[in-house]
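Step one of this worksheet: look at the structure below.
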Amino acid sequence: MMKRYWMAIAVLIIFSPLGLLADGTAWGEWGGDDLSETLGYIPQGMQNVQDLWAGIFPDYSISFFGESSLGQSIGYVIAAIIGSAMVYGLSLLLTKMIASKKNSILSCSNK
Amino acid sequence: MHIPDGYLSPSTCLTLGVVMLPIWYKASAKLKKDLDVKQVPLLSMGAVFCFLIMMFNVPIPNGTTAHAIGATLVAIIFGPWAAVIAMSVALAIQAIVFADGGILAFGANTFNMAFVAPFVGYYVYQFISKNAPQGSIRQLAAGAIASYVGINCAAFVASIEFGIQPLLFTAVDGTPLYCPYGLAVAIPAMMVAHLTVAGFIEGIVTVAALKFMAVQPVEMLPSQTNKNREAV
């Protein structure tokens with residue numbers, strides 16, 4: 001059964017570039033440059049934290065694969081794979097840490 | 001709905017971060033008590049599912065985009081407290097690795113998408129699906145409606161967080177310090193995106209996933225595993 005679920009995850013990863021088709025940005029998620037285009041200025045408080053953290057692969061794009069739509073799609077898929085692996089790993093780590101504090105569970109986990 | 005850094009004041013971020021602390025604490029205590037280690041891989045897959053579904057941006061008529069979040073689905077399958085953890089993990093990786101959602105705004109984003117969405121979704125689902133047989137039309141409809149309501153409540157709360165910024169925080173010259181759009185702009189913008197498009201996508205995602213899971217051998221489904229455990 002888990003295998004079928006992993007297949008579903010793989011299908012989502014492969015088709016993730018469909019998410020690139022939607023042009024534009026979600027409301028309230030514009031970067032400072034976009035915002036200053038509409039407003040004519042960047043709010044002061046926003047300017048202060050703008051460069052706080054840029055992420056490793058901002059916007060799920062991996063520049064290595066270039067700016068063509070194929071390159072972007074490949075980058076998006078790779079980002080989906082990297083992100084999925086990290087989410088899975090962090091979730092396993094956290095939930096195992098939480099669950100393993102319970103002795104009664106440990107006793108029946110090795111069957 | 002991933003609020004970037006700079007749109008919310010530090011005090012707003014801090015407040016919502018502090019609000020999340022007891023929620024995370026309660027969630028881990030609940031999981032410690034109720035979670036079967038056999039469910040750990042499945043729950044983690046749920047987190048991955050949420051992460052991936054959020055990559056599917058869909059266009060909104062007003063020129064912006066939105067996406068489903070999967071919060072209600074995970075809450076239906078694993079319970080709302082497990083959904084808090086799964087969603088928080090997905091949001092953490094999104095913020096840290098992909099700069100999707102701010103680091104300072106992590107408390108706000110988890111409050112909206114890892115607390116409001118799964119809890120609202122879960123209780124709406126429970127209310128409508130009460131005693132409905134697994135895989136029945138009523139159960140699926142409950143999932144769809146709960147997902148629609150859950151994501152829209154989260155979007156509404158996010159729009160309030162955005163919208164109160166210019167009311168509360170302005171520079172000396174009167175210009176807004178953070179999000180420049182007040183409630184009159186933020187609420188309609190967020191709600192149009194989620195009432196017209198993202199809410200339906202969230203509902204479709206939940207129904208599709210519930211149907212997909214309903215055809216699985218039931219002995220591995222979480223509720224059933226608990227019974228197995230008691231039998232051992």
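In the structure tokens, chains take letters A, B, ... by order of appearance, with residues numbered from 1 within each chain and ligands from 1 in the order shown.
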
Could you tell me which residues of chain A sit within 6 Å of chain B when counting only C-alpha atoms, and give me the result as a PDB file with N, CA and C atoms, in the first residue's frame?
ATOM      1  N   GLY A  19       2.351  23.754 -12.025  1.00  0.00           N
ATOM      2  CA  GLY A  19       2.217  24.883 -11.106  1.00  0.00           C
ATOM      3  C   GLY A  19       2.915  26.143 -11.600  1.00  0.00           C
ATOM      4  N   ALA A  22       0.699  29.102 -14.025  1.00  0.00           N
ATOM      5  CA  ALA A  22      -0.021  30.269 -13.511  1.00  0.00           C
ATOM      6  C   ALA A  22       0.941  31.457 -13.443  1.00  0.00           C
ATOM      7  N   GLY A  24       2.193  35.231 -12.540  1.00  0.00           N
ATOM      8  CA  GLY A  24       1.977  36.180 -11.450  1.00  0.00           C
ATOM      9  C   GLY A  24       2.299  35.599 -10.087  1.00  0.00           C
ATOM     10  N   THR A  25       2.027  36.396  -9.084  1.00  0.00           N
ATOM     11  CA  THR A  25       2.390  36.070  -7.715  1.00  0.00           C
ATOM     12  C   THR A  25       1.112  36.020  -6.886  1.00  0.00           C
ATOM     13  N   ALA A  26       1.134  35.248  -5.816  1.00  0.00           N
ATOM     14  CA  ALA A  26      -0.023  35.231  -4.917  1.00  0.00           C
ATOM     15  C   ALA A  26      -0.172  36.614  -4.273  1.00  0.00           C
ATOM     16  N   TRP A  27      -1.401  36.949  -3.913  1.00  0.00           N
ATOM     17  CA  TRP A  27      -1.639  38.268  -3.321  1.00  0.00           C
ATOM     18  C   TRP A  27      -0.848  38.391  -2.008  1.00  0.00           C
ATOM     19  N   GLU A  29       2.371  38.439  -1.682  1.00  0.00           N
ATOM     20  CA  GLU A  29       3.660  37.745  -1.653  1.00  0.00           C
ATOM     21  C   GLU A  29       4.655  38.394  -2.611  1.00  0.00           C
ATOM     22  N   PRO A  43       7.696  49.991   1.517  1.00  0.00           N
ATOM     23  CA  PRO A  43       7.489  50.362   2.927  1.00  0.00           C
ATOM     24  C   PRO A  43       8.776  50.187   3.730  1.00  0.00           C
ATOM     25  N   GLN A  44       9.032  51.177   4.603  1.00  0.00           N
ATOM     26  CA  GLN A  44      10.302  51.209   5.346  1.00  0.00           C
ATOM     27  C   GLN A  44      10.611  49.934   6.118  1.00  0.00           C
ATOM     28  N   GLY A  45       9.614  49.469   6.848  1.00  0.00           N
ATOM     29  CA  GLY A  45       9.820  48.285   7.676  1.00  0.00           C
ATOM     30  C   GLY A  45      10.125  47.064   6.830  1.00  0.00           C
ATOM     31  N   MET A  46       9.540  47.052   5.644  1.00  0.00           N
ATOM     32  CA  MET A  46       9.768  45.931   4.736  1.00  0.00           C
ATOM     33  C   MET A  46      11.193  45.963   4.216  1.00  0.00           C
ATOM     34  N   VAL A  49      13.902  44.314   6.445  1.00  0.00           N
ATOM     35  CA  VAL A  49      14.048  42.860   6.578  1.00  0.00           C
ATOM     36  C   VAL A  49      14.137  42.151   5.225  1.00  0.00           C
ATOM     37  N   ALA A  54      17.212  34.778   2.002  1.00  0.00           N
ATOM     38  CA  ALA A  54      16.801  34.625   0.612  1.00  0.00           C
ATOM     39  C   ALA A  54      16.492  33.176   0.262  1.00  0.00           C
ATOM     40  N   GLY A  55      16.658  32.273   1.213  1.00  0.00           N
ATOM     41  CA  GLY A  55      16.425  30.863   0.917  1.00  0.00           C
ATOM     42  C   GLY A  55      17.590  30.268   0.156  1.00  0.00           C
ATOM     43  N   ILE A  56      17.511  28.970  -0.128  1.00  0.00           N
ATOM     44  CA  ILE A  56      18.578  28.305  -0.872  1.00  0.00           C
ATOM     45  C   ILE A  56      18.188  28.229  -2.347  1.00  0.00           C
ATOM     46  N   PHE A  57      16.935  27.831  -2.582  1.00  0.00           N
ATOM     47  CA  PHE A  57      16.382  27.840  -3.936  1.00  0.00           C
ATOM     48  C   PHE A  57      15.106  28.683  -3.932  1.00  0.00           C
ATOM     49  N   PRO A  58      15.261  30.032  -3.940  1.00  0.00           N
ATOM     50  CA  PRO A  58      14.075  30.873  -3.822  1.00  0.00           C
ATOM     51  C   PRO A  58      13.072  30.585  -4.943  1.00  0.00           C
ATOM     52  N   ASP A  59      11.802  30.596  -4.584  1.00  0.00           N
ATOM     53  CA  ASP A  59      10.702  30.350  -5.532  1.00  0.00           C
ATOM     54  C   ASP A  59      10.793  28.990  -6.223  1.00  0.00           C
ATOM     55  N   TYR A  60      11.403  28.038  -5.573  1.00  0.00           N
ATOM     56  CA  TYR A  60      11.501  26.680  -6.118  1.00  0.00           C
ATOM     57  C   TYR A  60      12.218  26.660  -7.458  1.00  0.00           C
ATOM     58  N   SER A  84      10.628  17.491  -1.041  1.00  0.00           N
ATOM     59  CA  SER A  84       9.916  16.317  -0.531  1.00  0.00           C
ATOM     60  C   SER A  84      10.821  15.507   0.396  1.00  0.00           C
ATOM     61  N   VAL A  87      11.229  17.447   3.652  1.00  0.00           N
ATOM     62  CA  VAL A  87      10.012  17.420   4.470  1.00  0.00           C
ATOM     63  C   VAL A  87       9.843  16.033   5.084  1.00  0.00           C
ATOM     64  N   TYR A  88      10.064  14.997   4.261  1.00  0.00           N
ATOM     65  CA  TYR A  88       9.908  13.627   4.759  1.00  0.00           C
ATOM     66  C   TYR A  88      10.916  13.356   5.880  1.00  0.00           C
ATOM     67  N   SER A  91      10.114  15.399   9.029  1.00  0.00           N
ATOM     68  CA  SER A  91       8.895  14.890   9.658  1.00  0.00           C
ATOM     69  C   SER A  91       9.154  13.557  10.365  1.00  0.00           C
ATOM     70  N   LEU A  92       9.900  12.667   9.691  1.00  0.00           N
ATOM     71  CA  LEU A  92      10.253  11.383  10.313  1.00  0.00           C
ATOM     72  C   LEU A  92      11.005  11.618  11.612  1.00  0.00           C
ATOM     73  N   ILE A  98       9.145  12.293  18.885  1.00  0.00           N
ATOM     74  CA  ILE A  98       7.963  12.449  19.736  1.00  0.00           C
ATOM     75  C   ILE A  98       7.419  11.085  20.152  1.00  0.00           C
ATOM     76  N   ALA A  99       7.275  10.194  19.161  1.00  0.00           N
ATOM     77  CA  ALA A  99       6.638   8.899  19.428  1.00  0.00           C
ATOM     78  C   ALA A  99       7.523   7.988  20.266  1.00  0.00           C
TER      79      ALA A  99
END

For this session: Apply DSSP to the backbone of this structure and, from segment 29-207 of chain B, keep only the residues in helix (DSSP H, G or I); write these as a PyMOL selection string.
Result: chain B and resi 29-34+37-53+71-78+80-98+106-129+137-163+165-168+183-207

Would you save the residues from that selection as a tab-separated table (two decimals), in the first residue's frame, using C-alpha atoms?
chain	number	residue	atom	x	y	z
B	29	ALA	CA	2.00	15.82	23.58
B	30	LYS	CA	-1.04	14.53	21.67
B	31	LEU	CA	1.13	12.73	19.15
B	32	LYS	CA	3.26	11.24	21.90
B	33	LYS	CA	0.11	9.81	23.44
B	34	ASP	CA	-1.80	8.73	20.32
B	37	VAL	CA	5.15	4.43	15.29
B	38	LYS	CA	3.74	2.52	12.34
B	39	GLN	CA	1.88	5.68	11.36
B	40	VAL	CA	5.06	7.78	11.33
B	41	PRO	CA	5.97	7.08	7.67
B	42	LEU	CA	2.37	7.65	6.54
B	43	LEU	CA	2.07	10.91	8.46
B	44	SER	CA	5.39	12.06	7.00
B	45	MET	CA	4.04	11.25	3.54
B	46	GLY	CA	1.08	13.44	4.42
B	47	ALA	CA	3.51	16.29	5.10
B	48	VAL	CA	5.21	15.65	1.75
B	49	PHE	CA	1.80	15.62	0.06
B	50	CYS	CA	0.97	19.04	1.53
B	51	PHE	CA	4.37	20.38	0.50
B	52	LEU	CA	3.88	19.21	-3.09
B	53	ILE	CA	0.25	20.26	-3.45
B	71	ALA	CA	-4.44	20.88	5.59
B	72	THR	CA	-7.99	19.56	5.96
B	73	LEU	CA	-7.13	16.28	4.24
B	74	VAL	CA	-4.27	15.58	6.65
B	75	ALA	CA	-6.51	16.58	9.59
B	76	ILE	CA	-9.25	14.18	8.43
B	77	ILE	CA	-6.84	11.26	8.08
B	78	PHE	CA	-4.57	11.77	11.10
B	80	PRO	CA	-5.98	17.96	13.67
B	81	TRP	CA	-3.01	17.78	16.08
B	82	ALA	CA	-1.00	15.56	13.75
B	83	ALA	CA	-1.91	17.97	10.95
B	84	VAL	CA	-0.39	20.82	12.99
B	85	ILE	CA	2.95	19.00	12.98
B	86	ALA	CA	2.78	17.86	9.34
B	87	MET	CA	1.84	21.31	8.06
B	88	SER	CA	4.42	23.04	10.25
B	89	VAL	CA	7.18	20.79	8.89
B	90	ALA	CA	6.15	21.49	5.28
B	91	LEU	CA	5.97	25.24	5.99
B	92	ALA	CA	9.37	25.20	7.71
B	93	ILE	CA	11.10	23.64	4.71
B	94	GLN	CA	9.25	26.03	2.38
B	95	ALA	CA	10.44	29.03	4.38
B	96	ILE	CA	14.02	27.91	4.98
B	97	VAL	CA	14.91	26.28	1.67
B	98	PHE	CA	12.61	27.95	-0.84
B	106	PHE	CA	6.71	31.58	10.40
B	107	GLY	CA	4.47	31.92	13.45
B	108	ALA	CA	1.81	33.72	11.41
B	109	ASN	CA	1.99	31.29	8.52
B	110	THR	CA	1.78	28.26	10.77
B	111	PHE	CA	-1.07	29.86	12.72
B	112	ASN	CA	-3.05	30.30	9.48
B	113	MET	CA	-2.21	27.13	7.59
B	114	ALA	CA	-1.09	24.67	10.29
B	115	PHE	CA	-3.63	25.61	12.96
B	116	VAL	CA	-6.70	27.48	11.65
B	117	ALA	CA	-7.06	25.49	8.41
B	118	PRO	CA	-6.74	21.94	9.82
B	119	PHE	CA	-8.83	22.61	12.94
B	120	VAL	CA	-11.68	24.35	11.13
B	121	GLY	CA	-11.56	21.71	8.40
B	122	TYR	CA	-11.49	18.86	10.89
B	123	TYR	CA	-14.49	20.02	12.92
B	124	VAL	CA	-16.58	20.90	9.86
B	125	TYR	CA	-15.80	17.43	8.52
B	126	GLN	CA	-16.71	15.75	11.81
B	127	PHE	CA	-19.97	17.68	11.98
B	128	ILE	CA	-21.11	16.78	8.46
B	129	SER	CA	-19.73	13.26	8.15
B	137	ILE	CA	-21.22	10.39	-0.86
B	138	ARG	CA	-21.85	12.15	2.43
B	139	GLN	CA	-18.35	11.41	3.67
B	140	LEU	CA	-16.78	12.74	0.47
B	141	ALA	CA	-19.06	15.79	0.44
B	142	ALA	CA	-18.09	16.45	4.06
B	143	GLY	CA	-14.44	16.33	3.02
B	144	ALA	CA	-15.02	18.75	0.16
B	145	ILE	CA	-17.03	21.26	2.19
B	146	ALA	CA	-14.66	21.05	5.17
B	147	SER	CA	-11.68	21.70	2.91
B	148	TYR	CA	-13.39	24.66	1.29
B	149	VAL	CA	-14.30	26.19	4.64
B	150	GLY	CA	-10.92	25.37	6.22
B	151	ILE	CA	-8.73	27.03	3.59
B	152	ASN	CA	-11.07	30.03	3.39
B	153	CYS	CA	-10.95	30.59	7.14
B	154	ALA	CA	-7.14	30.47	6.95
B	155	ALA	CA	-7.18	32.97	4.07
B	156	PHE	CA	-9.53	35.22	6.03
B	157	VAL	CA	-7.28	35.18	9.10
B	158	ALA	CA	-4.27	35.93	6.86
B	159	SER	CA	-6.13	38.86	5.28
B	160	ILE	CA	-6.83	40.28	8.75
B	161	GLU	CA	-3.14	39.99	9.63
B	162	PHE	CA	-2.25	41.81	6.40
B	163	GLY	CA	-5.03	44.37	6.72
B	165	GLN	CA	-0.76	46.49	9.45
B	166	PRO	CA	-1.38	49.92	7.87
B	167	LEU	CA	-3.85	50.76	10.65
B	168	LEU	CA	-1.34	50.01	13.38
B	183	LEU	CA	-8.59	45.53	5.54
B	184	ALA	CA	-10.76	47.00	2.75
B	185	VAL	CA	-8.23	45.77	0.17
B	186	ALA	CA	-6.72	42.72	1.84
B	187	ILE	CA	-9.94	40.92	2.79
B	188	PRO	CA	-11.58	41.06	-0.67
B	189	ALA	CA	-8.31	40.22	-2.44
B	190	MET	CA	-7.57	37.17	-0.30
B	191	MET	CA	-11.17	36.01	-0.20
B	192	VAL	CA	-11.79	36.34	-3.95
B	193	ALA	CA	-8.74	34.15	-4.58
B	194	HIS	CA	-9.82	31.48	-2.11
B	195	LEU	CA	-13.62	31.60	-2.37
B	196	THR	CA	-13.60	31.40	-6.17
B	197	VAL	CA	-10.66	29.13	-6.94
B	198	ALA	CA	-8.35	27.83	-4.21
B	199	GLY	CA	-11.22	26.62	-1.99
B	200	PHE	CA	-12.60	24.43	-4.78
B	201	ILE	CA	-9.14	23.09	-5.59
B	202	GLU	CA	-8.65	22.24	-1.92
B	203	GLY	CA	-12.00	20.40	-1.93
B	204	ILE	CA	-11.17	18.48	-5.10
B	205	VAL	CA	-7.76	17.50	-3.71
B	206	THR	CA	-9.33	16.18	-0.51
B	207	VAL	CA	-12.03	14.19	-2.30

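For the atom pair formed by atom CA of Leu21 of chain A and atom CA of Gly70 of chain B, the distance is 20.2 Å, given to one decimal.
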
Exercise. Per DSSP on the backbone, what are the strand (DSSP E or B) residues of segment 24-224 of chain B, as an MDAnalysis selection string?
Worked result: chainID B and resid 58:59 65:66 170 176

Go ahead and write the residues just picked, N, CA and C atoms, as a PDB file, in the first residue's frame.
ATOM      1  N   VAL B  58      -2.356  27.998  -9.084  1.00  0.00           N
ATOM      2  CA  VAL B  58      -3.418  28.154 -10.078  1.00  0.00           C
ATOM      3  C   VAL B  58      -3.701  29.648 -10.248  1.00  0.00           C
ATOM      4  N   PRO B  59      -4.026  30.045 -11.489  1.00  0.00           N
ATOM      5  CA  PRO B  59      -4.282  31.467 -11.730  1.00  0.00           C
ATOM      6  C   PRO B  59      -5.608  31.923 -11.122  1.00  0.00           C
ATOM      7  N   THR B  65      -2.095  34.517  -8.027  1.00  0.00           N
ATOM      8  CA  THR B  65      -2.203  33.060  -8.034  1.00  0.00           C
ATOM      9  C   THR B  65      -2.546  32.584  -6.622  1.00  0.00           C
ATOM     10  N   ALA B  66      -2.955  31.325  -6.530  1.00  0.00           N
ATOM     11  CA  ALA B  66      -3.213  30.708  -5.229  1.00  0.00           C
ATOM     12  C   ALA B  66      -3.003  29.213  -5.389  1.00  0.00           C
ATOM     13  N   THR B 170       2.579  52.939  11.009  1.00  0.00           N
ATOM     14  CA  THR B 170       2.936  53.852   9.928  1.00  0.00           C
ATOM     15  C   THR B 170       4.220  54.585  10.303  1.00  0.00           C
ATOM     16  N   PRO B 176       2.703  53.552   5.213  1.00  0.00           N
ATOM     17  CA  PRO B 176       2.706  52.302   5.987  1.00  0.00           C
ATOM     18  C   PRO B 176       4.116  51.720   6.117  1.00  0.00           C
TER      19      PRO B 176
END

Problem set entry | Atom-to-atom span, atom CA of Ser36 of chain A and atom CA of Tyr76 of chain A, Å |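 Between atom CA of Ser36 of chain A and atom CA of Tyr76 of chain A the gap works out to 27.3 Å.
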
For this session: Pick out the residues sitting within 8 Å of Gly32 of chain A, and hand them over as a list in words; count only C-alpha atoms, and ignore anything fewer than 5 positions along from it in its own chain.
Result: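 Listing them by chain and then by number gives Ile42, Met46, Gln47 and Gln50 of chain A.
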
The selected residues should be written to file as a compact mmCIF listing (two decimals), in the first residue's frame (atoms: C-alpha atoms).
# COMPACT_ATOMS: atom_id res chain seq x y z
CA ILE A 42 8.93 50.12 -0.59
CA MET A 46 9.77 45.93 4.74
CA GLN A 47 13.01 47.35 3.41
CA GLN A 50 14.12 42.39 2.81

Exercise. If you measure from atom CA of Val77 of chain A to atom CA of Phe15 of chain A, what distance in Å do you get, rounded to one decimal?
Worked result: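 For atom CA of Val77 of chain A relative to atom CA of Phe15 of chain A, the distance reads 8.1 Å.
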
Exercise. Counting only C-alpha atoms, which of A:Ser69, A:Met2, A:Asp51, A:Ile74 gets nearest to Gly31 of chain A?
Worked result: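 Using only C-alpha atoms, Gly31 of chain A sits closest to A:Asp51.
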
Test item: residues at most 10 Å from Ile78 of chain A, only C-alpha atoms, excluding those fewer than 3 positions along its chain, as a short mmCIF file (atom, residue, chain, number, x, y, z; two decimals) with N, CA and C atoms, in the first residue's frame:
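Here's the written file part.cif:
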data_model
loop_
_atom_site.label_atom_id
_atom_site.label_comp_id
_atom_site.auth_asym_id
_atom_site.auth_seq_id
_atom_site.Cartn_x
_atom_site.Cartn_y
_atom_site.Cartn_z
N ILE A 13 5.16 14.91 -8.18
CA ILE A 13 6.46 15.54 -8.46
C ILE A 13 6.64 15.75 -9.96
N ILE A 14 6.31 14.71 -10.73
CA ILE A 14 6.51 14.79 -12.18
C ILE A 14 5.64 15.89 -12.80
N SER A 16 4.52 18.52 -11.21
CA SER A 16 4.62 19.78 -10.48
C SER A 16 4.83 21.00 -11.39
N TYR A 60 11.40 28.04 -5.57
CA TYR A 60 11.50 26.68 -6.12
C TYR A 60 12.22 26.66 -7.46
N SER A 61 13.09 27.66 -7.69
CA SER A 61 13.80 27.65 -8.96
C SER A 61 15.26 27.32 -8.70
N ILE A 62 15.81 26.52 -9.59
CA ILE A 62 17.21 26.16 -9.49
C ILE A 62 17.88 26.71 -10.75
N PHE A 65 19.65 25.15 -14.13
CA PHE A 65 19.03 24.59 -15.34
C PHE A 65 18.59 25.64 -16.34
N GLN A 72 13.35 25.67 -16.47
CA GLN A 72 12.57 26.02 -15.27
C GLN A 72 11.78 24.82 -14.76
N SER A 73 11.21 24.06 -15.73
CA SER A 73 10.43 22.90 -15.34
C SER A 73 11.30 21.85 -14.66
N ILE A 74 12.49 21.62 -15.24
CA ILE A 74 13.41 20.65 -14.64
C ILE A 74 13.80 21.12 -13.23
N GLY A 75 14.13 22.42 -13.14
CA GLY A 75 14.48 22.98 -11.84
C GLY A 75 13.36 22.81 -10.82
N ILE A 81 11.65 17.41 -5.63
CA ILE A 81 12.29 16.20 -5.08
C ILE A 81 13.07 16.56 -3.81
N ILE A 82 13.89 17.62 -3.90
CA ILE A 82 14.70 18.03 -2.74
C ILE A 82 13.78 18.38 -1.57
N GLY A 83 12.74 19.18 -1.87
CA GLY A 83 11.81 19.60 -0.82
C GLY A 83 11.10 18.41 -0.20
N SER A 84 10.63 17.49 -1.04
CA SER A 84 9.92 16.32 -0.53
C SER A 84 10.82 15.51 0.40
#
